[in-house]
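What follows is the content of coords_34.cif (mmCIF, C-alpha atoms).
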data_final
loop_
_atom_site.label_atom_id
_atom_site.label_comp_id
_atom_site.auth_asym_id
_atom_site.auth_seq_id
_atom_site.Cartn_x
_atom_site.Cartn_y
_atom_site.Cartn_z
CA MET X 989 9.42 27.06 -21.52
CA LEU X 990 8.74 29.35 -18.56
CA PHE X 991 11.53 30.74 -16.40
CA ALA X 992 11.38 32.23 -12.92
CA CYS X 993 13.01 35.60 -12.31
CA GLU X 994 14.16 36.73 -8.88
CA ASP X 995 15.92 40.08 -8.54
CA GLU X 996 16.48 40.12 -12.31
CA GLU X 997 18.24 36.72 -12.17
CA VAL X 998 16.82 33.87 -14.24
CA THR X 999 16.61 30.77 -12.07
CA GLY X 1000 15.55 28.18 -14.67
CA PRO X 1001 12.38 26.42 -15.75
CA THR X 1002 9.36 26.57 -13.47
CA HIS X 1003 7.90 23.34 -14.87
CA LEU X 1004 8.82 20.41 -17.02
CA SER X 1005 7.56 20.06 -20.56
CA THR X 1006 7.39 16.47 -21.71
CA PRO X 1007 7.44 16.21 -25.52
CA THR X 1008 4.81 14.04 -27.24
CA GLY X 1009 3.88 13.34 -30.82
CA TRP X 1010 0.35 13.48 -32.24
CA ARG X 1011 -0.07 9.86 -31.15
CA GLU X 1012 1.51 8.00 -28.24
CA TRP X 1013 1.45 4.70 -26.41
CA VAL X 1014 -0.35 5.23 -23.09
CA ALA X 1015 -0.46 2.97 -20.04
CA MET X 1016 -3.27 2.81 -17.47
CA PRO X 1017 -1.58 0.88 -14.65
CA GLY X 1018 -4.38 1.43 -12.14
CA ILE X 1019 -6.84 -0.56 -14.25
CA GLY X 1020 -4.42 -3.13 -15.65
CA VAL X 1021 -4.00 -1.80 -19.20
CA PRO X 1022 -0.27 -1.79 -19.97
CA TRP X 1023 -0.49 -0.26 -23.48
CA VAL X 1024 -3.07 1.42 -25.68
CA LYS X 1025 -2.61 3.67 -28.70
CA ALA X 1026 -3.88 7.18 -27.99
CA LYS X 1027 -4.39 10.23 -30.14
CA ILE X 1028 -2.96 13.39 -28.57
CA ASP X 1029 -5.61 15.96 -29.45
CA THR X 1030 -5.11 19.62 -28.55
CA GLY X 1031 -8.45 20.36 -30.22
CA ALA X 1032 -10.35 18.29 -27.65
CA ARG X 1033 -10.88 19.62 -24.13
CA SER X 1034 -11.57 16.24 -22.52
CA SER X 1035 -9.79 12.91 -22.66
CA ALA X 1036 -11.88 9.92 -23.70
CA LEU X 1037 -11.63 6.14 -23.46
CA HIS X 1038 -13.54 3.61 -25.54
CA ALA X 1039 -15.66 1.60 -23.09
CA PHE X 1040 -18.02 -1.34 -23.65
CA GLY X 1041 -20.80 -2.60 -21.39
CA VAL X 1042 -20.99 0.56 -19.29
CA THR X 1043 -23.17 -0.09 -16.23
CA GLU X 1044 -23.84 2.43 -13.49
CA PHE X 1045 -24.62 1.31 -9.94
CA GLU X 1046 -24.44 2.51 -6.35
CA ARG X 1047 -21.81 1.41 -3.83
CA ASP X 1048 -21.37 2.74 -0.30
CA GLY X 1049 -23.92 5.46 -1.03
CA GLY X 1050 -22.10 6.83 -4.09
CA PRO X 1051 -22.25 6.41 -7.87
CA TRP X 1052 -19.93 3.81 -9.46
CA VAL X 1053 -19.50 2.46 -12.95
CA SER X 1054 -18.29 -0.82 -14.40
CA PHE X 1055 -17.10 -1.16 -17.98
CA ILE X 1056 -14.88 -3.18 -20.28
CA VAL X 1057 -11.81 -1.89 -22.10
CA HIS X 1058 -10.53 -3.49 -25.29
CA PRO X 1059 -6.97 -2.12 -25.67
CA LEU X 1060 -6.66 -3.60 -29.17
CA GLN X 1061 -8.67 -1.95 -31.96
CA ASN X 1062 -11.30 -4.30 -33.49
CA SER X 1063 -10.48 -7.07 -31.01
CA ALA X 1064 -11.80 -8.40 -27.70
CA ARG X 1065 -8.35 -9.89 -27.04
CA ASP X 1066 -6.83 -8.70 -23.75
CA GLU X 1067 -10.13 -7.19 -22.58
CA VAL X 1068 -10.05 -5.66 -19.11
CA GLU X 1069 -13.03 -5.36 -16.75
CA VAL X 1070 -12.95 -2.14 -14.72
CA THR X 1071 -14.95 -0.81 -11.76
CA LEU X 1072 -14.43 2.79 -10.61
CA PRO X 1073 -16.26 5.55 -8.76
CA VAL X 1074 -18.02 8.08 -10.99
CA HIS X 1075 -16.14 11.37 -10.71
CA ASP X 1076 -18.63 13.49 -12.66
CA ARG X 1077 -21.08 13.57 -15.57
CA ARG X 1078 -20.56 16.09 -18.36
CA LEU X 1079 -22.08 17.24 -21.58
CA VAL X 1080 -19.40 16.71 -24.25
CA ARG X 1081 -19.70 18.09 -27.77
CA SER X 1082 -18.03 16.09 -30.56
CA SER X 1083 -16.16 17.69 -33.44
CA SER X 1084 -19.29 17.16 -35.54
CA GLY X 1085 -21.33 19.22 -33.05
CA HIS X 1086 -23.23 16.29 -31.51
CA ALA X 1087 -23.67 16.70 -27.71
CA GLN X 1088 -23.67 13.68 -25.41
CA ARG X 1089 -23.79 13.34 -21.62
CA ARG X 1090 -20.85 11.19 -20.53
CA ILE X 1091 -19.61 9.58 -17.35
CA VAL X 1092 -16.25 10.90 -16.14
CA VAL X 1093 -13.78 8.79 -14.15
CA LEU X 1094 -10.34 9.59 -12.76
CA LEU X 1095 -7.58 7.46 -14.27
CA ASP X 1096 -3.88 7.23 -13.58
CA LEU X 1097 -2.16 7.42 -16.97
CA VAL X 1098 1.43 7.21 -18.12
CA VAL X 1099 1.92 9.39 -21.22
CA ALA X 1100 5.42 9.60 -22.74
CA ALA X 1101 6.83 8.06 -19.53
CA ARG X 1102 5.18 10.78 -17.41
CA PRO X 1103 2.59 9.66 -14.81
CA ILE X 1104 -0.49 11.86 -14.49
CA THR X 1105 -4.03 11.61 -13.18
CA ALA X 1106 -6.67 12.67 -15.69
CA GLU X 1107 -10.41 13.08 -15.93
CA VAL X 1108 -11.49 10.68 -18.68
CA THR X 1109 -14.92 10.38 -20.25
CA LEU X 1110 -16.27 6.96 -21.19
CA SER X 1111 -17.53 6.86 -24.76
CA ASN X 1112 -18.12 4.74 -27.82
CA ARG X 1113 -15.06 5.26 -30.02
CA ASP X 1114 -15.78 2.23 -32.21
CA ARG X 1115 -15.65 4.27 -35.40
CA MET X 1116 -12.56 6.20 -34.33
CA GLY X 1117 -9.01 5.25 -35.18
CA PHE X 1118 -7.82 5.25 -31.56
CA ARG X 1119 -9.20 3.63 -28.41
CA MET X 1120 -8.15 6.66 -26.38
CA LEU X 1121 -7.95 10.39 -26.87
CA ILE X 1122 -5.81 12.62 -24.64
CA GLY X 1123 -7.27 16.15 -24.52
CA ARG X 1124 -6.07 19.60 -23.44
CA GLU X 1125 -7.00 19.25 -19.77
CA ALA X 1126 -4.61 16.31 -19.38
CA LEU X 1127 -1.96 17.89 -21.61
CA ARG X 1128 -1.89 20.99 -19.39
CA GLN X 1129 -0.02 18.88 -16.86
CA GLY X 1130 3.23 19.69 -18.64
CA PHE X 1131 3.17 18.27 -22.17
CA LEU X 1132 4.42 19.84 -25.37
CA VAL X 1133 2.88 18.36 -28.54
CA ASP X 1134 4.85 18.09 -31.78
CA PRO X 1135 2.13 17.47 -34.40
CA GLY X 1136 4.68 16.35 -36.98
CA ARG X 1137 5.97 13.42 -34.93
CA SER X 1138 4.61 10.16 -33.48
CA TYR X 1139 5.45 7.95 -30.52
CA LEU X 1140 8.11 10.08 -28.83
CA GLY X 1141 7.58 8.22 -25.55
CA PRO X 1142 8.42 4.62 -24.69
CA ARG X 1143 7.04 1.87 -26.90
CA PRO X 1144 5.77 -1.54 -25.88
CA PRO X 1145 7.72 -4.65 -26.86
CA LYS X 1146 7.67 -5.50 -30.57
CA ALA X 1147 5.27 -8.43 -30.09
CA ILE X 1148 2.62 -6.12 -28.56
CA ARG X 1149 3.10 -3.52 -31.32
CA ARG X 1150 2.56 -6.27 -33.93
CA ARG X 1151 -0.69 -7.35 -32.22
CA HIS X 1152 -1.92 -3.75 -32.29
CA ARG X 1153 -0.93 -3.34 -35.94
CA ALA X 1154 -2.68 -6.61 -36.90
CA THR X 1155 -5.96 -5.50 -35.30
CA GLY X 1156 -6.12 -1.95 -36.52
#
Will you turn the file into structure tokens for me?
Amino acid sequence: MLFACEDEEVTGPTHLSTPTGWREWVAMPGIGVPWVKAKIDTGARSSALHAFGVTEFERDGGPWVSFIVHPLQNSARDEVEVTLPVHDRRLVRSSSGHAQRRIVVLLDLVVAARPITAEVTLSNRDRMGFRMLIGREALRQGFLVDPGRSYLGPRPPKAIRRRHRATG
């Protein structure tokens, strides 16, 4: 934790540190996704979201993208159709060294009860254990990761957790 010092007097923390585990329930209220399991990954620079049917188009003279989110692993249940402006395009290198150019969108997220806005790449995470990955750039907004713990933030109702468990 950082402290401010004025005239040799410690005045307290200069920022908040929200604790998270290595995995958390994340909400994306701006696109209508109330809960998705996310891996909190300090080894990844960017955040990523598993997106299906990604289609780029132009609207009002600017680049936009439409895509589908399946919050439940291995299930089309509760799918959400999303349309957002393209924020950027970036070359992202996977942990295996494979480079891929990805679309970046800005998403409002709620991680461990803390609302943030994050740059999120759209990718195929079909073979991954989590539909979403929260990377260092988002975590720099005041999160402290405890790699030995899970789900330190709020959890969805039990019925939703059971549906997630049943699908992956």
Atomic separation - atom CA of Ser1138 of chain X relative to atom CA of Glu1107 of chain X, Å: 23.3 Å
Hey, what comes out of the PyMOL selection byres ((chain X and resi 1108) around 9) on this file? Could you write it as a ChimeraX atom specification? /X:1034-1037,1091-1095,1106-1107,1109-1110,1121-1122,1126
Any chance you could resolve the PyMOL selection byres ((chain X and resi 1066-1072) around 8) against this file and give the residues as a ChimeraX atom specification? /X:1019-1021,1052-1060,1064-1065,1073-1074,1093
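For the residues X:Gly1018, X:Gln1061, X:Gly1130, X:Val1080, ranking by smallest atom-to-atom distance to Ala1039 of chain X using all atoms listed in the file places X:Gln1061 first.
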Using only C-alpha atoms, find the one residue out of X:Pro1017, X:Gly1123, X:Gly1050, X:Pro1103 that sits nearest to Arg1033 of chain X.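 For Arg1033 of chain X, the nearest of the given residues is X:Gly1123.
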Looking at X:Phe1045, X:Thr1105, X:Pro1144, X:Arg1081, which one is nearest to Arg1128 of chain X, with distances taken over all atoms listed in the file?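 Checking each candidate against Arg1128 of chain X, we get X:Thr1105 as the closest.
Proximity of X:Met1116, X:Ala1147, X:Val1099, X:Leu1079 to Arg1011 of chain X, computed with only C-alpha atoms, is greatest for X:Val1099.
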How would segment 1042-1067 of chain X read, as a PDB file, keeping the file's coordinate frame, once N, CA and C atoms are built in?
ATOM      1  N   VAL X1042     -20.995  -0.408 -20.389  1.00  0.00           N
ATOM      2  CA  VAL X1042     -20.990   0.560 -19.290  1.00  0.00           C
ATOM      3  C   VAL X1042     -22.250   0.377 -18.451  1.00  0.00           C
ATOM      4  N   THR X1043     -22.055   0.115 -17.155  1.00  0.00           N
ATOM      5  CA  THR X1043     -23.170  -0.090 -16.230  1.00  0.00           C
ATOM      6  C   THR X1043     -22.952   0.746 -14.981  1.00  0.00           C
ATOM      7  N   GLU X1044     -23.916   1.600 -14.694  1.00  0.00           N
ATOM      8  CA  GLU X1044     -23.840   2.430 -13.490  1.00  0.00           C
ATOM      9  C   GLU X1044     -24.533   1.713 -12.341  1.00  0.00           C
ATOM     10  N   PHE X1045     -24.003   1.893 -11.124  1.00  0.00           N
ATOM     11  CA  PHE X1045     -24.620   1.310  -9.940  1.00  0.00           C
ATOM     12  C   PHE X1045     -24.187   2.123  -8.726  1.00  0.00           C
ATOM     13  N   GLU X1046     -24.774   1.796  -7.579  1.00  0.00           N
ATOM     14  CA  GLU X1046     -24.440   2.510  -6.350  1.00  0.00           C
ATOM     15  C   GLU X1046     -23.660   1.592  -5.427  1.00  0.00           C
ATOM     16  N   ARG X1047     -22.622   2.152  -4.794  1.00  0.00           N
ATOM     17  CA  ARG X1047     -21.810   1.410  -3.830  1.00  0.00           C
ATOM     18  C   ARG X1047     -21.458   2.362  -2.688  1.00  0.00           C
ATOM     19  N   ASP X1048     -21.676   1.925  -1.484  1.00  0.00           N
ATOM     20  CA  ASP X1048     -21.370   2.740  -0.300  1.00  0.00           C
ATOM     21  C   ASP X1048     -21.991   4.133  -0.386  1.00  0.00           C
ATOM     22  N   GLY X1049     -23.195   4.204  -0.955  1.00  0.00           N
ATOM     23  CA  GLY X1049     -23.920   5.460  -1.030  1.00  0.00           C
ATOM     24  C   GLY X1049     -23.491   6.399  -2.147  1.00  0.00           C
ATOM     25  N   GLY X1050     -22.575   5.962  -3.014  1.00  0.00           N
ATOM     26  CA  GLY X1050     -22.100   6.830  -4.090  1.00  0.00           C
ATOM     27  C   GLY X1050     -22.208   6.162  -5.448  1.00  0.00           C
ATOM     28  N   PRO X1051     -22.145   6.965  -6.512  1.00  0.00           N
ATOM     29  CA  PRO X1051     -22.250   6.410  -7.870  1.00  0.00           C
ATOM     30  C   PRO X1051     -20.943   5.748  -8.313  1.00  0.00           C
ATOM     31  N   TRP X1052     -21.057   4.564  -8.906  1.00  0.00           N
ATOM     32  CA  TRP X1052     -19.930   3.810  -9.460  1.00  0.00           C
ATOM     33  C   TRP X1052     -20.292   3.386 -10.875  1.00  0.00           C
ATOM     34  N   VAL X1053     -19.287   2.933 -11.599  1.00  0.00           N
ATOM     35  CA  VAL X1053     -19.500   2.460 -12.950  1.00  0.00           C
ATOM     36  C   VAL X1053     -18.598   1.252 -13.205  1.00  0.00           C
ATOM     37  N   SER X1054     -19.131   0.282 -13.937  1.00  0.00           N
ATOM     38  CA  SER X1054     -18.290  -0.820 -14.400  1.00  0.00           C
ATOM     39  C   SER X1054     -18.323  -0.781 -15.933  1.00  0.00           C
ATOM     40  N   PHE X1055     -17.202  -1.170 -16.532  1.00  0.00           N
ATOM     41  CA  PHE X1055     -17.100  -1.160 -17.980  1.00  0.00           C
ATOM     42  C   PHE X1055     -15.971  -2.069 -18.420  1.00  0.00           C
ATOM     43  N   ILE X1056     -15.906  -2.320 -19.707  1.00  0.00           N
ATOM     44  CA  ILE X1056     -14.880  -3.180 -20.280  1.00  0.00           C
ATOM     45  C   ILE X1056     -14.050  -2.359 -21.254  1.00  0.00           C
ATOM     46  N   VAL X1057     -12.741  -2.547 -21.180  1.00  0.00           N
ATOM     47  CA  VAL X1057     -11.810  -1.890 -22.100  1.00  0.00           C
ATOM     48  C   VAL X1057     -11.207  -2.941 -23.007  1.00  0.00           C
ATOM     49  N   HIS X1058     -11.215  -2.659 -24.301  1.00  0.00           N
ATOM     50  CA  HIS X1058     -10.530  -3.490 -25.290  1.00  0.00           C
ATOM     51  C   HIS X1058      -9.338  -2.678 -25.791  1.00  0.00           C
ATOM     52  N   PRO X1059      -8.132  -2.924 -25.256  1.00  0.00           N
ATOM     53  CA  PRO X1059      -6.970  -2.120 -25.670  1.00  0.00           C
ATOM     54  C   PRO X1059      -6.628  -2.256 -27.150  1.00  0.00           C
ATOM     55  N   LEU X1060      -6.949  -3.395 -27.758  1.00  0.00           N
ATOM     56  CA  LEU X1060      -6.660  -3.600 -29.170  1.00  0.00           C
ATOM     57  C   LEU X1060      -7.848  -3.189 -30.020  1.00  0.00           C
ATOM     58  N   GLN X1061      -7.615  -2.380 -31.047  1.00  0.00           N
ATOM     59  CA  GLN X1061      -8.670  -1.950 -31.960  1.00  0.00           C
ATOM     60  C   GLN X1061      -9.264  -3.171 -32.669  1.00  0.00           C
ATOM     61  N   ASN X1062     -10.579  -3.226 -32.778  1.00  0.00           N
ATOM     62  CA  ASN X1062     -11.300  -4.300 -33.490  1.00  0.00           C
ATOM     63  C   ASN X1062     -11.017  -5.688 -32.919  1.00  0.00           C
ATOM     64  N   SER X1063     -10.787  -5.785 -31.618  1.00  0.00           N
ATOM     65  CA  SER X1063     -10.480  -7.070 -31.010  1.00  0.00           C
ATOM     66  C   SER X1063     -10.902  -7.088 -29.550  1.00  0.00           C
ATOM     67  N   ALA X1064     -11.458  -8.219 -29.110  1.00  0.00           N
ATOM     68  CA  ALA X1064     -11.800  -8.400 -27.700  1.00  0.00           C
ATOM     69  C   ALA X1064     -10.627  -9.030 -26.942  1.00  0.00           C
ATOM     70  N   ARG X1065      -9.543  -9.302 -27.657  1.00  0.00           N
ATOM     71  CA  ARG X1065      -8.350  -9.890 -27.040  1.00  0.00           C
ATOM     72  C   ARG X1065      -7.822  -8.936 -25.969  1.00  0.00           C
ATOM     73  N   ASP X1066      -7.397  -9.484 -24.856  1.00  0.00           N
ATOM     74  CA  ASP X1066      -6.830  -8.700 -23.750  1.00  0.00           C
ATOM     75  C   ASP X1066      -7.842  -7.770 -23.086  1.00  0.00           C
ATOM     76  N   GLU X1067      -9.145  -8.092 -23.188  1.00  0.00           N
ATOM     77  CA  GLU X1067     -10.130  -7.190 -22.580  1.00  0.00           C
ATOM     78  C   GLU X1067      -9.919  -7.116 -21.077  1.00  0.00           C
TER      79      GLU X1067
END
